[in-house]
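Worksheet for the structure shown next.
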Amino acid sequence: MLRHTPKLPYKGLTIVLSNPSRFDRSELISSTGGWFFNKECLAPHLNKYQCDIRLAEDRSAFLPNTKAVLLLGGKALKLWTGLDSLQEIRGTPLRLGDVSAIASFIPQDCCDTVDYESRLNPLAQHDDDDPYEDEDEEGNEKRHGRTKRSNYRFWLKKDTHKLINILEHGVPDSPSVNYHIYPDIDEVLKVLRTTKGKSFYIDIETDPVLNIKCIGFSFGLPDVYVVPFITHEYKPAYAGLASLFATIAIASRDNETVAHNGAQFDFLVLMAKYGIPMGRKLYDTMIAQHRCYPLVEKSLAHGISLWTHEPFHKDEAGSHNHYRTHDDMMRLMKYCGKDIFTMILLKSAIDAYAISVPGLTASIAQANASIRPYLTTTLFGIRFDEEKRQAIIANNDRLATQYIRIMRVLTGPTIKPLISNKTCCAYFHDALDYKVVARSKKTKKPNLGETSLLKLKLKNDNPVIDLLIAYRGKIKESGSLKFTPLPEELKSLGL
């Protein structure tokens, strides 16, 4: 069994690998993955010759002065901690006795664009792979806590840096927090009505039809309030819910309202379903995180692992669809409170990071300033010129017809018009024998969606592809313009 004890003075870091990579014949963490791990993850703090590197099956005692353990891969996480989901636990500070630990991805996987390890390495066990990585590019499935393979490299680097910081300075103390679960309504109303000029953190939990079960809020640590709207019996949680709605609006008016994904969910639900207006100062930590790292995951779970040392808690809510007992209600409210707590830490860390990057603070402010106008447009619509709308649609229809006519000339009379994915695949892949660039996750058949068509263009110089891209662009633009205008009787009411 391969193992590399330190050749240089030991720095206290033990690295546990689930398995050797397909390149690790005489040395662990070799080849491209080893270069990346040593140069970008460990450096400049230390290098692999100052670490104890072993495989997951090697459960021998730690070397003296071991302070931290890096568990790489799902098998290492399972054998050493008993925990199953690397996708969820990754980046969370763990304890192995009196030693700190963090789990993350295998270095070679971070350098492979596809999962070559499971295909070419019989020792690889990939229970930590992303089951969505090959889904249709048009798929819109929500990924709860999942990490794309293309981002493994980013997250391993960040997780290793976090563990090295723990190695050098220890795990920082978690800020104190005082949760007020199902508090007295008079206390809630007073806090909401009288607090001015602060950050007003909010998070709502809803059922499938967007009835708000509870709302968490805080004006900064240590106090976090979680207030139910309805009980587990779907009865009003308080007699004065109207007063609660009013004071939420007052608090949003007089403070900067902060939420994670608030622009697409929390703010929108409060305004559209409950008629609670949001103030003029809105801040979305998801948008802010996107401005910091545009290509990586932006969920709250990913943000917690990126910016904080708090444990993963997104599995503590139970099923959001089942809200039938008092225990369900209390569990959900405690979960909501933790969301508020971690969101406060997130915003503080993002703001501190933004100061260190020229222009980033202004970029985040610009993005957040756009939230209210977009919400207003979503709820009340936009002014448009009907004459111009119809003229654009008519022009697009004429162009699309001409594009089809030209494609028919180029493809020949025996080829059906390329107006569907099926006919496009039949022409490019069957008739022209072009290499398949993407497949449907469900049917495994060739798929020529928007991104796939662009990939096909890069590999094949064919004017039919250019015409098809232009045709689809015009059809898509016309489709977005074929909305139903507001009735004239409602326009007269100013709606």
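Convention: chains lettered A, B, ... in structure tokens order; per-chain residue numbering from 1; ligands numbered from 1 as shown.
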
*Quick one: residues within 10 Å of Ile166 in chain A, only C-alpha atoms counted, chain neighbours fewer than 4 positions away excluded, as a PyMOL selection string?*
chain A and resi 67-68+93+100-102+160-162+170-172+309

Mind writing the picked residues with C-alpha atoms as a tab-separated table (two decimals), in the first residue's frame?
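The new file selection-v6.tsv reads:
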```tsv
chain	number	residue	atom	x	y	z
A	67	LYS	CA	-3.18	18.97	13.59
A	68	ALA	CA	-5.31	18.61	10.45
A	93	PRO	CA	-14.89	21.64	9.36
A	100	SER	CA	-9.52	19.05	12.58
A	101	ALA	CA	-10.53	17.68	9.18
A	102	ILE	CA	-12.08	18.85	5.91
A	160	THR	CA	-7.35	23.21	1.19
A	161	HIS	CA	-6.68	26.87	1.96
A	162	LYS	CA	-9.34	26.76	4.65
A	170	GLY	CA	-7.07	26.84	14.69
A	171	VAL	CA	-10.82	26.83	14.06
A	172	PRO	CA	-12.16	30.33	14.76
A	309	HIS	CA	-16.39	27.82	9.09
```

*Please report, as a PyMOL selection string, each residue of range 104-266 of chain A to which DSSP assigns strand (DSSP E) when run on this structure's backbone.*
chain A and resi 104+178-181+199-206+212-218+223-228+256-259

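Between CA of Gly449 in chain A and CA of Lys476 in chain A the interatomic distance comes to 12.7 Å.
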
*asked:* To test your reading of the structure, identify every residue in range 212-323 of chain A that backbone DSSP assigns to helix (DSSP H, G or I), and report it as a ChimeraX atom specification.
replied: /A:241-254,262-272,285-292,300-307

_I'd like the contact shell of Asn447 in chain A - 6 Å cut-off, only C-alpha atoms, skipping same-chain residues fewer than 2 positions apart - returned as a PyMOL selection string._
chain A and resi 438-440

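Taking CA of Gly74 in chain A and CA of Glu27 in chain A as the two end points, the separation is 20.7 Å.
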
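The shell of residues at most 8 Å from range 409-421 of chain A, with only C-alpha atoms counted and near chain neighbours (fewer than 5 positions) removed, consists of Ile404, Tyr427, Asn447, Leu448, Gly449, Val464 and Leu468 of chain A.
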